[in-house]
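With compact mmCIF, C-alpha atoms inside, this is run_24.txt:
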# COMPACT_ATOMS: atom_id res chain seq x y z
CA MET A 1 -64.69 17.91 14.38
CA SER A 2 -67.52 17.55 16.89
CA ILE A 3 -68.21 20.24 19.47
CA PRO A 4 -65.74 19.81 22.36
CA PRO A 5 -67.61 18.97 25.61
CA VAL A 6 -66.37 22.06 27.46
CA LEU A 7 -67.46 24.33 24.63
CA ARG A 8 -70.87 22.66 24.44
CA SER A 9 -71.37 23.15 28.17
CA LEU A 10 -70.38 26.81 27.90
CA LEU A 11 -72.72 27.42 24.97
CA THR A 12 -75.74 25.86 26.65
CA ALA A 13 -75.30 27.56 30.04
CA HIS A 14 -77.74 30.41 30.71
CA GLY A 15 -75.96 33.70 31.46
CA PRO A 16 -76.80 37.20 30.21
CA SER A 17 -74.77 40.13 31.55
CA GLY A 18 -74.99 40.34 35.33
CA TYR A 19 -76.42 36.82 35.56
CA GLU A 20 -73.37 34.76 34.54
CA THR A 21 -73.30 32.32 37.46
CA ALA A 22 -74.03 29.21 35.38
CA PRO A 23 -71.49 29.67 32.56
CA ALA A 24 -68.89 30.94 35.05
CA ALA A 25 -69.32 27.70 37.00
CA VAL A 26 -68.76 25.70 33.82
CA PHE A 27 -65.54 27.59 33.13
CA ARG A 28 -64.38 27.29 36.74
CA ASP A 29 -64.98 23.54 36.87
CA ALA A 30 -63.26 22.97 33.54
CA VAL A 31 -60.07 24.94 34.26
CA SER A 32 -59.70 23.68 37.84
CA ALA A 33 -58.04 20.56 36.45
CA TYR A 34 -55.14 22.65 35.14
CA ALA A 35 -54.84 25.81 37.23
CA GLU A 36 -55.37 27.63 40.52
CA VAL A 37 -58.87 29.11 40.29
CA THR A 38 -60.27 32.29 41.86
CA THR A 39 -63.73 33.85 41.60
CA ASP A 40 -64.01 37.56 42.45
CA VAL A 41 -66.95 39.49 43.88
CA MET A 42 -68.13 40.50 40.40
CA GLY A 43 -68.33 36.85 39.34
CA SER A 44 -65.35 36.83 36.98
CA VAL A 45 -63.20 33.69 37.15
CA TRP A 46 -59.37 33.58 36.97
CA ALA A 47 -57.36 30.42 36.35
CA ARG A 48 -53.61 30.76 36.91
CA VAL A 49 -50.82 28.48 35.72
CA PRO A 50 -47.69 29.54 37.65
CA GLY A 51 -44.67 30.65 35.64
CA THR A 52 -41.36 28.84 35.65
CA ALA A 53 -38.77 31.54 34.92
CA GLY A 54 -39.86 34.95 36.18
CA GLY A 55 -41.49 36.03 32.93
CA PRO A 56 -44.34 38.54 32.67
CA THR A 57 -47.86 37.61 33.74
CA LEU A 58 -50.12 37.10 30.73
CA ALA A 59 -53.90 37.40 31.08
CA VAL A 60 -56.01 35.74 28.36
CA VAL A 61 -59.47 37.28 28.60
CA GLY A 62 -62.80 36.20 27.16
CA HIS A 63 -66.14 37.50 28.37
CA ILE A 64 -68.55 34.95 29.83
CA ASP A 65 -71.80 36.92 29.46
CA GLU A 66 -74.22 36.87 26.54
CA ILE A 67 -77.06 39.04 25.29
CA GLY A 68 -80.55 38.23 26.50
CA LEU A 69 -83.85 39.62 27.77
CA ILE A 70 -84.93 40.83 31.22
CA VAL A 71 -88.51 40.75 32.55
CA THR A 72 -89.77 44.26 33.34
CA HIS A 73 -93.49 43.63 33.98
CA ILE A 74 -95.97 40.75 34.34
CA ASP A 75 -99.49 41.79 33.30
CA ASP A 76 -102.77 40.50 34.65
CA GLU A 77 -103.26 38.25 31.62
CA GLY A 78 -100.00 36.45 32.41
CA PHE A 79 -97.78 37.87 29.67
CA LEU A 80 -94.23 39.01 30.42
CA ARG A 81 -92.97 42.33 29.12
CA PHE A 82 -89.23 42.69 28.72
CA ALA A 83 -86.23 44.78 27.74
CA GLY A 84 -82.95 43.75 26.15
CA VAL A 85 -79.79 42.88 28.04
CA GLY A 86 -77.01 43.97 25.72
CA GLY A 87 -77.40 44.87 22.07
CA GLY A 88 -79.45 42.11 20.48
CA ASP A 89 -80.96 42.20 16.99
CA ARG A 90 -84.67 43.05 17.38
CA GLN A 91 -85.52 41.19 14.17
CA SER A 92 -84.31 37.92 15.70
CA VAL A 93 -86.31 38.17 18.94
CA ASP A 94 -89.85 37.66 17.65
CA GLY A 95 -91.07 34.07 17.35
CA GLN A 96 -88.25 32.50 19.35
CA ARG A 97 -88.56 29.86 22.04
CA ASN A 98 -87.06 31.17 25.25
CA SER A 99 -85.89 29.86 28.60
CA VAL A 100 -86.45 32.13 31.59
CA ALA A 101 -84.04 31.57 34.50
CA THR A 102 -85.88 31.71 37.83
CA ARG A 103 -85.01 30.88 41.43
CA ASP A 104 -86.78 27.54 40.95
CA GLY A 105 -85.13 26.66 37.63
CA ALA A 106 -85.71 27.28 33.94
CA VAL A 107 -89.24 28.12 32.73
CA PRO A 108 -89.97 27.74 28.99
CA GLY A 109 -91.83 30.36 27.00
CA VAL A 110 -92.13 31.89 23.56
CA VAL A 111 -91.83 35.46 22.30
CA GLY A 112 -95.02 36.52 20.55
CA ARG A 113 -96.70 39.51 18.95
CA LYS A 114 -99.89 40.30 17.08
CA PRO A 115 -100.17 37.88 14.10
CA ILE A 116 -99.15 39.31 10.76
CA HIS A 117 -102.71 38.82 9.44
CA LEU A 118 -103.94 41.44 11.93
CA LEU A 119 -101.21 44.02 11.37
CA LYS A 120 -101.89 47.14 9.36
CA GLU A 121 -100.10 47.29 6.03
CA ASP A 122 -97.46 49.80 7.17
CA ASP A 123 -96.75 47.83 10.36
CA ARG A 124 -95.99 44.69 8.35
CA LYS A 125 -92.97 46.46 6.88
CA LYS A 126 -91.49 47.48 10.22
CA VAL A 127 -89.30 45.67 12.68
CA ALA A 128 -91.29 45.20 15.88
CA ARG A 129 -90.20 47.27 18.86
CA LEU A 130 -89.50 45.27 22.02
CA GLU A 131 -92.43 47.07 23.63
CA GLU A 132 -94.72 45.41 21.09
CA LEU A 133 -93.55 41.90 22.02
CA HIS A 134 -94.22 39.68 25.01
CA ILE A 135 -93.15 36.34 26.44
CA ASP A 136 -95.97 33.80 26.72
CA LEU A 137 -95.43 31.09 29.36
CA GLY A 138 -98.80 29.50 28.72
CA ALA A 139 -100.00 30.88 32.06
CA LYS A 140 -103.77 31.27 32.49
CA ASP A 141 -103.46 34.63 34.26
CA GLY A 142 -101.12 37.05 35.97
CA ASP A 143 -101.20 35.25 39.30
CA GLU A 144 -99.99 32.02 37.75
CA ALA A 145 -97.27 33.81 35.76
CA ARG A 146 -96.10 35.65 38.87
CA SER A 147 -95.87 32.36 40.75
CA LEU A 148 -93.38 31.17 38.12
CA VAL A 149 -91.38 34.27 37.19
CA ARG A 150 -90.35 37.50 38.92
CA VAL A 151 -89.53 40.90 37.50
CA GLY A 152 -85.76 40.95 36.94
CA ASP A 153 -85.53 37.32 35.81
CA VAL A 154 -83.64 36.95 32.53
CA ALA A 155 -84.30 34.89 29.41
CA VAL A 156 -82.23 33.52 26.55
CA VAL A 157 -83.11 31.71 23.35
CA ASP A 158 -83.82 28.04 24.01
CA GLY A 159 -81.96 25.75 21.61
CA ASP A 160 -79.06 23.32 21.50
CA PRO A 161 -75.92 23.86 19.40
CA VAL A 162 -76.04 22.35 15.92
CA GLU A 163 -73.10 20.76 14.11
CA LEU A 164 -72.88 21.53 10.39
CA PRO A 165 -70.49 20.32 7.66
CA ASN A 166 -66.91 21.58 7.41
CA ASP A 167 -66.44 21.79 11.20
CA ARG A 168 -68.97 24.61 11.49
CA VAL A 169 -71.20 25.01 14.51
CA VAL A 170 -74.29 27.14 15.16
CA SER A 171 -75.44 28.32 18.58
CA ARG A 172 -76.52 31.31 20.61
CA SER A 173 -73.90 32.73 23.02
CA MET A 174 -70.92 32.13 20.72
CA ASP A 175 -70.28 35.78 21.60
CA ASN A 176 -68.32 35.27 23.68
CA ARG A 177 -68.24 31.80 25.19
CA LEU A 178 -65.79 31.16 22.36
CA GLY A 179 -63.31 33.58 23.93
CA CYS A 180 -63.67 31.85 27.28
CA TYR A 181 -63.16 28.49 25.61
CA VAL A 182 -59.94 29.80 24.03
CA ALA A 183 -58.82 31.01 27.47
CA HIS A 184 -59.56 27.53 28.85
CA GLU A 185 -57.68 25.82 26.03
CA THR A 186 -54.70 28.15 26.43
CA VAL A 187 -54.51 27.31 30.14
CA ARG A 188 -54.75 23.60 29.33
CA LEU A 189 -52.03 23.73 26.67
CA VAL A 190 -49.66 25.75 28.87
CA HIS A 191 -50.27 23.37 31.80
CA GLU A 192 -49.58 20.33 29.63
CA ALA A 193 -46.36 21.97 28.40
CA GLY A 194 -45.15 22.25 32.00
CA GLY A 195 -45.86 25.97 32.26
CA ALA A 196 -44.54 29.07 30.52
CA PRO A 197 -41.82 31.52 31.63
CA GLY A 198 -44.42 33.73 33.30
CA ASP A 199 -47.79 33.15 34.91
CA VAL A 200 -50.60 32.51 32.43
CA VAL A 201 -54.05 33.48 33.69
CA GLY A 202 -57.21 32.52 31.81
CA VAL A 203 -60.04 34.91 32.60
CA ALA A 204 -63.78 34.58 32.10
CA ALA A 205 -64.90 38.19 32.57
CA VAL A 206 -68.47 39.24 33.31
CA GLN A 207 -70.64 42.08 31.98
CA GLU A 208 -68.83 42.92 28.74
CA GLU A 209 -72.07 43.35 26.80
CA THR A 210 -73.29 46.08 29.15
CA SER A 211 -70.42 47.86 30.90
CA PHE A 212 -66.97 46.16 30.63
CA GLY A 213 -67.46 45.72 34.38
CA GLY A 214 -65.67 42.40 34.76
CA SER A 215 -62.63 43.31 32.69
CA THR A 216 -62.30 46.68 34.44
CA THR A 217 -62.21 45.18 37.92
CA THR A 218 -60.20 42.10 36.94
CA ALA A 219 -57.46 44.12 35.25
CA TYR A 220 -57.23 46.40 38.28
CA ALA A 221 -56.96 43.51 40.75
CA LEU A 222 -54.92 41.09 38.67
CA ARG A 223 -52.30 43.62 37.47
CA PRO A 224 -51.22 41.64 34.41
CA ASP A 225 -48.03 42.65 32.64
CA VAL A 226 -49.68 41.94 29.29
CA ALA A 227 -53.15 40.85 28.21
CA ILE A 228 -54.74 39.30 25.15
CA VAL A 229 -58.47 39.82 24.72
CA VAL A 230 -60.20 37.12 22.71
CA ASP A 231 -63.59 38.03 21.25
CA VAL A 232 -65.56 37.39 18.10
CA THR A 233 -65.33 39.48 14.96
CA HIS A 234 -67.32 39.46 11.75
CA ALA A 235 -66.57 36.69 9.27
CA THR A 236 -66.55 38.30 5.85
CA ASP A 237 -67.57 35.36 3.65
CA ALA A 238 -71.32 35.72 4.19
CA PRO A 239 -73.57 37.69 1.79
CA GLY A 240 -73.68 41.44 2.27
CA ILE A 241 -70.46 41.80 4.30
CA GLU A 242 -68.22 44.59 3.01
CA VAL A 243 -64.54 43.59 3.01
CA ASN A 244 -63.50 47.12 2.06
CA GLU A 245 -64.64 48.20 5.52
CA LEU A 246 -63.66 45.18 7.59
CA GLY A 247 -60.87 43.43 5.72
CA ALA A 248 -61.14 39.81 4.59
CA HIS A 249 -61.61 37.27 7.39
CA PRO A 250 -63.34 34.20 5.93
CA PHE A 251 -63.92 30.94 7.73
CA GLY A 252 -60.77 28.84 7.72
CA SER A 253 -58.39 31.82 7.57
CA GLY A 254 -57.49 31.46 11.25
CA PRO A 255 -57.67 33.91 14.14
CA VAL A 256 -57.78 37.63 13.40
CA LEU A 257 -54.95 39.72 14.87
CA GLU A 258 -56.15 43.21 15.65
CA ARG A 259 -54.14 46.42 15.27
CA GLY A 260 -55.20 49.87 16.34
CA SER A 261 -55.03 52.81 18.69
CA ALA A 262 -56.06 50.97 21.86
CA LEU A 263 -53.79 48.00 21.20
CA ASN A 264 -50.10 47.66 21.95
CA PRO A 265 -48.01 47.43 18.74
CA ARG A 266 -45.33 45.25 20.31
CA VAL A 267 -47.92 42.69 21.43
CA PHE A 268 -49.24 42.59 17.87
CA GLU A 269 -45.78 42.05 16.41
CA LEU A 270 -45.01 39.24 18.87
CA LEU A 271 -48.31 37.56 18.03
CA TYR A 272 -47.62 37.93 14.32
CA GLU A 273 -44.08 36.56 14.65
CA THR A 274 -45.39 33.65 16.70
CA ALA A 275 -47.98 32.83 14.05
CA GLU A 276 -45.30 32.84 11.35
CA ALA A 277 -42.98 30.64 13.41
CA GLU A 278 -45.75 28.15 14.27
CA GLY A 279 -47.23 28.04 10.78
CA ILE A 280 -50.61 29.28 11.99
CA ALA A 281 -52.65 31.15 9.41
CA VAL A 282 -53.95 34.56 10.56
CA THR A 283 -55.53 37.67 9.10
CA VAL A 284 -55.17 41.25 10.33
CA GLN A 285 -57.92 43.71 11.24
CA ALA A 286 -57.50 47.44 11.93
CA SER A 287 -59.43 49.66 14.35
CA GLY A 288 -58.78 53.40 14.25
CA ARG A 289 -60.27 54.13 17.64
CA HIS A 290 -61.83 51.76 20.18
CA THR A 291 -62.17 48.00 19.62
CA GLY A 292 -65.61 47.44 21.14
CA THR A 293 -64.12 44.68 23.31
CA ASP A 294 -62.75 44.30 26.84
CA ALA A 295 -59.44 45.61 25.50
CA ASP A 296 -60.90 49.11 25.70
CA ALA A 297 -61.14 48.81 29.49
CA ILE A 298 -58.04 46.73 30.19
CA HIS A 299 -55.52 48.93 28.40
CA LEU A 300 -56.49 51.86 30.64
CA SER A 301 -56.18 49.97 33.93
CA ARG A 302 -53.93 51.51 36.59
CA GLY A 303 -50.88 52.88 34.77
CA GLY A 304 -51.83 51.09 31.55
CA VAL A 305 -51.65 47.49 30.35
CA PRO A 306 -50.18 46.44 26.99
CA VAL A 307 -53.04 44.64 25.26
CA GLY A 308 -53.38 42.54 22.13
CA GLY A 309 -56.64 41.59 20.47
CA ILE A 310 -57.58 38.34 18.76
CA GLY A 311 -60.87 37.97 16.92
CA LEU A 312 -62.64 34.75 15.99
CA PRO A 313 -64.48 35.01 12.65
CA LEU A 314 -68.22 34.68 13.33
CA ARG A 315 -71.29 34.82 11.14
CA TYR A 316 -74.64 36.28 12.26
CA MET A 317 -73.34 37.99 15.42
CA HIS A 318 -75.88 38.80 18.16
CA SER A 319 -78.45 36.42 16.74
CA PRO A 320 -79.67 32.97 17.86
CA VAL A 321 -77.72 31.33 15.02
CA GLU A 322 -74.16 32.57 15.45
CA MET A 323 -71.84 30.38 13.38
CA VAL A 324 -68.14 29.61 13.75
CA ALA A 325 -65.54 27.32 12.19
CA LEU A 326 -64.01 25.23 14.97
CA ASP A 327 -60.56 25.06 13.39
CA ASP A 328 -60.23 28.85 13.69
CA VAL A 329 -61.00 28.57 17.41
CA ALA A 330 -58.46 25.80 17.99
CA ALA A 331 -55.81 27.76 16.08
CA ALA A 332 -56.33 30.79 18.34
CA ALA A 333 -55.61 28.75 21.47
CA ARG A 334 -52.46 27.24 19.93
CA LEU A 335 -51.26 30.69 18.92
CA ILE A 336 -51.69 32.22 22.38
CA ALA A 337 -50.10 29.22 24.12
CA ALA A 338 -47.07 29.53 21.83
CA PHE A 339 -46.99 33.31 22.41
CA ALA A 340 -46.87 32.69 26.17
CA GLN A 341 -43.76 30.54 25.75
CA ARG A 342 -41.96 33.42 24.02
CA LEU A 343 -42.42 35.90 26.87
CA THR A 344 -39.35 36.33 29.06
CA ALA A 345 -38.26 38.67 31.81
CA GLU A 346 -36.51 40.71 29.10
CA THR A 347 -39.59 41.11 26.89
CA SER A 348 -40.41 44.78 26.36
CA PHE A 349 -43.78 46.24 25.40
CA ALA A 350 -42.51 49.80 25.14
CA ARG A 351 -44.01 51.78 22.27
Would you give me this structure, written as structure tokens?
Amino acid sequence: MSIPPVLRSLLTAHGPSGYETAPAAVFRDAVSAYAEVTTDVMGSVWARVPGTAGGPTLAVVGHIDEIGLIVTHIDDEGFLRFAGVGGGDRQSVDGQRNSVATRDGAVPGVVGRKPIHLLKEDDRKKVARLEELHIDLGAKDGDEARSLVRVGDVAVVDGDPVELPNDRVVSRSMDNRLGCYVAHETVRLVHEAGGAPGDVVGVAAVQEETSFGGSTTTAYALRPDVAIVVDVTHATDAPGIEVNELGAHPFGSGPVLERGSALNPRVFELLYETAEAEGIAVTVQASGRHTGTDADAIHLSRGGVPVGGIGLPLRYMHSPVEMVALDDVAAAARLIAAFAQRLTAETSFAR
């Protein structure tokens, strides 16, 4: 399976938290063929397929932002100092090619530090702090660098997605352009089926990596009757992953249905029953407190929203080489589309 064009476009768009304009535009353009599209003041995008029988409104939410870097200072030698946007892995920052988004377009650069030959013995054993790193644009001095980049511009790793054997794909920004792609595919499948009993709204929410800002405002304004948050979770078939803590969620085992305190038990059961009826393989993951996803914000909106969580098994999360199995992603969209068809005006989410 090659990378679907919409997913490739989402993965290659430049959009750390608060700067999601480019990937949001990709999502908006893609879903406009199947749904009524709205963009709110935060930058989140909603795509609605109208219901056919008065059923509950279902929101399918993925977050459109990614982790990245933000320029905090440009020194007189032309080097950019930066901080993180979201919770990236410091070990994976050093030595990467980067693309800095500016008002005049993308500017290439590299993240550098003092060469290992010149580090003291103790420093060689430590992970570099972000303050010890810089972005080098190749500028001759500060004036040239400042003519290219401004403080507050953001950068992401520069690299195209790579297709590997067994339908596996590597890219930055899998977290969580994958969730937005599932929302897109759900909207497409429901549209092609002639609709579902209730409205189905695919949402690309902004700012999950920093504040849950997009999901908070979207849930308040949209007022869904039920929501499913689609995000990545840790695949457990890579070295060093402890299944006793996370459960077993290897590649090829399908989407991960989440259970826990912040999630509605009836939504989980309906998802599980749908998976059984459709012959879609799933695994189950438990969270005893918060989920770490947009579900934590959505379930508290207004008087409360019944929320389900679906995870997509992912290796090497928050690194430039996040890896996913495409069949797990496709299965998640089929599951949610089938779930939408089962919702009726009589469906209860009461605990």
Looking at A:Arg188, A:Arg81, A:Arg351, A:Lys114, which one is nearest to Val154 (chain A), with distances taken over all atoms listed in the file?
->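 Closest to Val154 (chain A), using all atoms listed in the file: A:Arg81.
The residue that comes closest to Glu192 (chain A), out of A:Tyr34, A:Tyr19, A:Trp46, A:Phe82 and on the basis of all atoms listed in the file, is A:Tyr34.
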For region 53-157 of chain A against region 310-319 of chain A, with a cut-off of 8 Å and counting all atoms listed in the file, what is the closest atom pair and its distance in Å to one decimal for every residue that makes the cut, ordered by chain and number, as a Markdown table?
| residue | atom | partner | partner_atom | distance |
| --- | --- | --- | --- | --- |
| A:Ile67 | CA | A:His318 | CA | 7.2 |
| A:Gly87 | CA | A:His318 | CA | 7.4 |
| A:Gly88 | CA | A:His318 | CA | 5.4 |
| A:Asp89 | CA | A:His318 | CA | 6.2 |
| A:Ser92 | CA | A:Ser319 | CA | 6.1 |
Just want the 7 Å neighbourhood of region 97-105 of chain A, counted on all atoms listed in the file, with same-chain residues fewer than 4 positions away dropped. Output as a short mmCIF file (atom, residue, chain, number, x, y, z; two decimals) with C-alpha atoms, keeping the file's coordinate frame.
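And here's selection_30.cif as it stands now:
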data_model
loop_
_atom_site.label_atom_id
_atom_site.label_comp_id
_atom_site.auth_asym_id
_atom_site.auth_seq_id
_atom_site.Cartn_x
_atom_site.Cartn_y
_atom_site.Cartn_z
CA GLY A 109 -91.83 30.36 27.00
CA VAL A 110 -92.13 31.89 23.56
CA VAL A 111 -91.83 35.46 22.30
CA VAL A 149 -91.38 34.27 37.19
CA ASP A 153 -85.53 37.32 35.81
CA VAL A 154 -83.64 36.95 32.53
CA ALA A 155 -84.30 34.89 29.41
CA VAL A 156 -82.23 33.52 26.55
CA VAL A 157 -83.11 31.71 23.35
CA ASP A 158 -83.82 28.04 24.01
#
Among A:Ala221, A:Glu77, A:Met42, A:Glu185, Ala30 (chain A) is approached most closely, using all atoms listed in the file, by A:Glu185
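CA of Gly260 (chain A) lies 10.6 Å from CA of Val307 (chain A).
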Nearest to Val203 (chain A), restricted to all atoms listed in the file and choosing among A:Gly43, A:Gly252, A:Gly86, A:Pro5, comes out as A:Gly43
Min atom-atom distance to Gln341 (chain A) from the set A:Gly15, A:Pro239, A:Pro108, A:Pro197, counting only C-alpha atoms, belongs to A:Pro197
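Of the listed residues (A:Asp199, A:Glu209, A:Asp237, A:Asp327), A:Asp199 comes nearest to Gly55 (chain A); the distances count all atoms listed in the file.
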Since the input lacks atoms, please generate N, CA, C and O atoms for region 254-267 of chain A and provide them as a PDB file, keeping the file's coordinate frame.
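Output file out-v9.pdb is given in full below:
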ATOM      1  N   GLY A 254     -58.170  31.395   9.964  1.00  0.00           N
ATOM      2  CA  GLY A 254     -57.490  31.460  11.250  1.00  0.00           C
ATOM      3  C   GLY A 254     -57.947  32.629  12.099  1.00  0.00           C
ATOM      4  O   GLY A 254     -58.833  33.396  11.717  1.00  0.00           O
ATOM      5  N   PRO A 255     -57.335  32.785  13.268  1.00  0.00           N
ATOM      6  CA  PRO A 255     -57.670  33.910  14.140  1.00  0.00           C
ATOM      7  C   PRO A 255     -57.302  35.244  13.493  1.00  0.00           C
ATOM      8  O   PRO A 255     -56.418  35.319  12.643  1.00  0.00           O
ATOM      9  N   VAL A 256     -57.994  36.284  13.928  1.00  0.00           N
ATOM     10  CA  VAL A 256     -57.780  37.630  13.400  1.00  0.00           C
ATOM     11  C   VAL A 256     -56.954  38.419  14.412  1.00  0.00           C
ATOM     12  O   VAL A 256     -57.379  38.612  15.551  1.00  0.00           O
ATOM     13  N   LEU A 257     -55.783  38.882  14.008  1.00  0.00           N
ATOM     14  CA  LEU A 257     -54.950  39.720  14.870  1.00  0.00           C
ATOM     15  C   LEU A 257     -55.360  41.176  14.659  1.00  0.00           C
ATOM     16  O   LEU A 257     -55.408  41.656  13.522  1.00  0.00           O
ATOM     17  N   GLU A 258     -55.638  41.860  15.748  1.00  0.00           N
ATOM     18  CA  GLU A 258     -56.150  43.210  15.650  1.00  0.00           C
ATOM     19  C   GLU A 258     -55.038  44.238  15.901  1.00  0.00           C
ATOM     20  O   GLU A 258     -54.196  44.062  16.775  1.00  0.00           O
ATOM     21  N   ARG A 259     -55.061  45.306  15.106  1.00  0.00           N
ATOM     22  CA  ARG A 259     -54.140  46.420  15.270  1.00  0.00           C
ATOM     23  C   ARG A 259     -54.956  47.694  15.423  1.00  0.00           C
ATOM     24  O   ARG A 259     -56.018  47.838  14.815  1.00  0.00           O
ATOM     25  N   GLY A 260     -54.475  48.623  16.221  1.00  0.00           N
ATOM     26  CA  GLY A 260     -55.200  49.870  16.340  1.00  0.00           C
ATOM     27  C   GLY A 260     -54.772  50.683  17.539  1.00  0.00           C
ATOM     28  O   GLY A 260     -53.880  50.308  18.304  1.00  0.00           O
ATOM     29  N   SER A 261     -55.442  51.806  17.723  1.00  0.00           N
ATOM     30  CA  SER A 261     -55.030  52.810  18.690  1.00  0.00           C
ATOM     31  C   SER A 261     -55.021  52.310  20.119  1.00  0.00           C
ATOM     32  O   SER A 261     -54.175  52.708  20.928  1.00  0.00           O
ATOM     33  N   ALA A 262     -55.973  51.453  20.484  1.00  0.00           N
ATOM     34  CA  ALA A 262     -56.060  50.970  21.860  1.00  0.00           C
ATOM     35  C   ALA A 262     -55.175  49.756  22.120  1.00  0.00           C
ATOM     36  O   ALA A 262     -55.080  49.301  23.260  1.00  0.00           O
ATOM     37  N   LEU A 263     -54.530  49.249  21.092  1.00  0.00           N
ATOM     38  CA  LEU A 263     -53.790  48.000  21.200  1.00  0.00           C
ATOM     39  C   LEU A 263     -52.289  48.250  21.115  1.00  0.00           C
ATOM     40  O   LEU A 263     -51.824  49.133  20.387  1.00  0.00           O
ATOM     41  N   ASN A 264     -51.533  47.454  21.859  1.00  0.00           N
ATOM     42  CA  ASN A 264     -50.100  47.660  21.950  1.00  0.00           C
ATOM     43  C   ASN A 264     -49.407  47.102  20.693  1.00  0.00           C
ATOM     44  O   ASN A 264     -49.580  45.922  20.367  1.00  0.00           O
ATOM     45  N   PRO A 265     -48.623  47.907  19.987  1.00  0.00           N
ATOM     46  CA  PRO A 265     -48.010  47.430  18.740  1.00  0.00           C
ATOM     47  C   PRO A 265     -47.004  46.314  18.947  1.00  0.00           C
ATOM     48  O   PRO A 265     -46.859  45.440  18.077  1.00  0.00           O
ATOM     49  N   ARG A 266     -46.313  46.309  20.079  1.00  0.00           N
ATOM     50  CA  ARG A 266     -45.330  45.250  20.310  1.00  0.00           C
ATOM     51  C   ARG A 266     -46.027  43.916  20.561  1.00  0.00           C
ATOM     52  O   ARG A 266     -45.539  42.876  20.109  1.00  0.00           O
ATOM     53  N   VAL A 267     -47.166  43.933  21.239  1.00  0.00           N
ATOM     54  CA  VAL A 267     -47.920  42.690  21.430  1.00  0.00           C
ATOM     55  C   VAL A 267     -48.370  42.147  20.076  1.00  0.00           C
ATOM     56  O   VAL A 267     -48.274  40.949  19.808  1.00  0.00           O
TER      57      VAL A 267
END
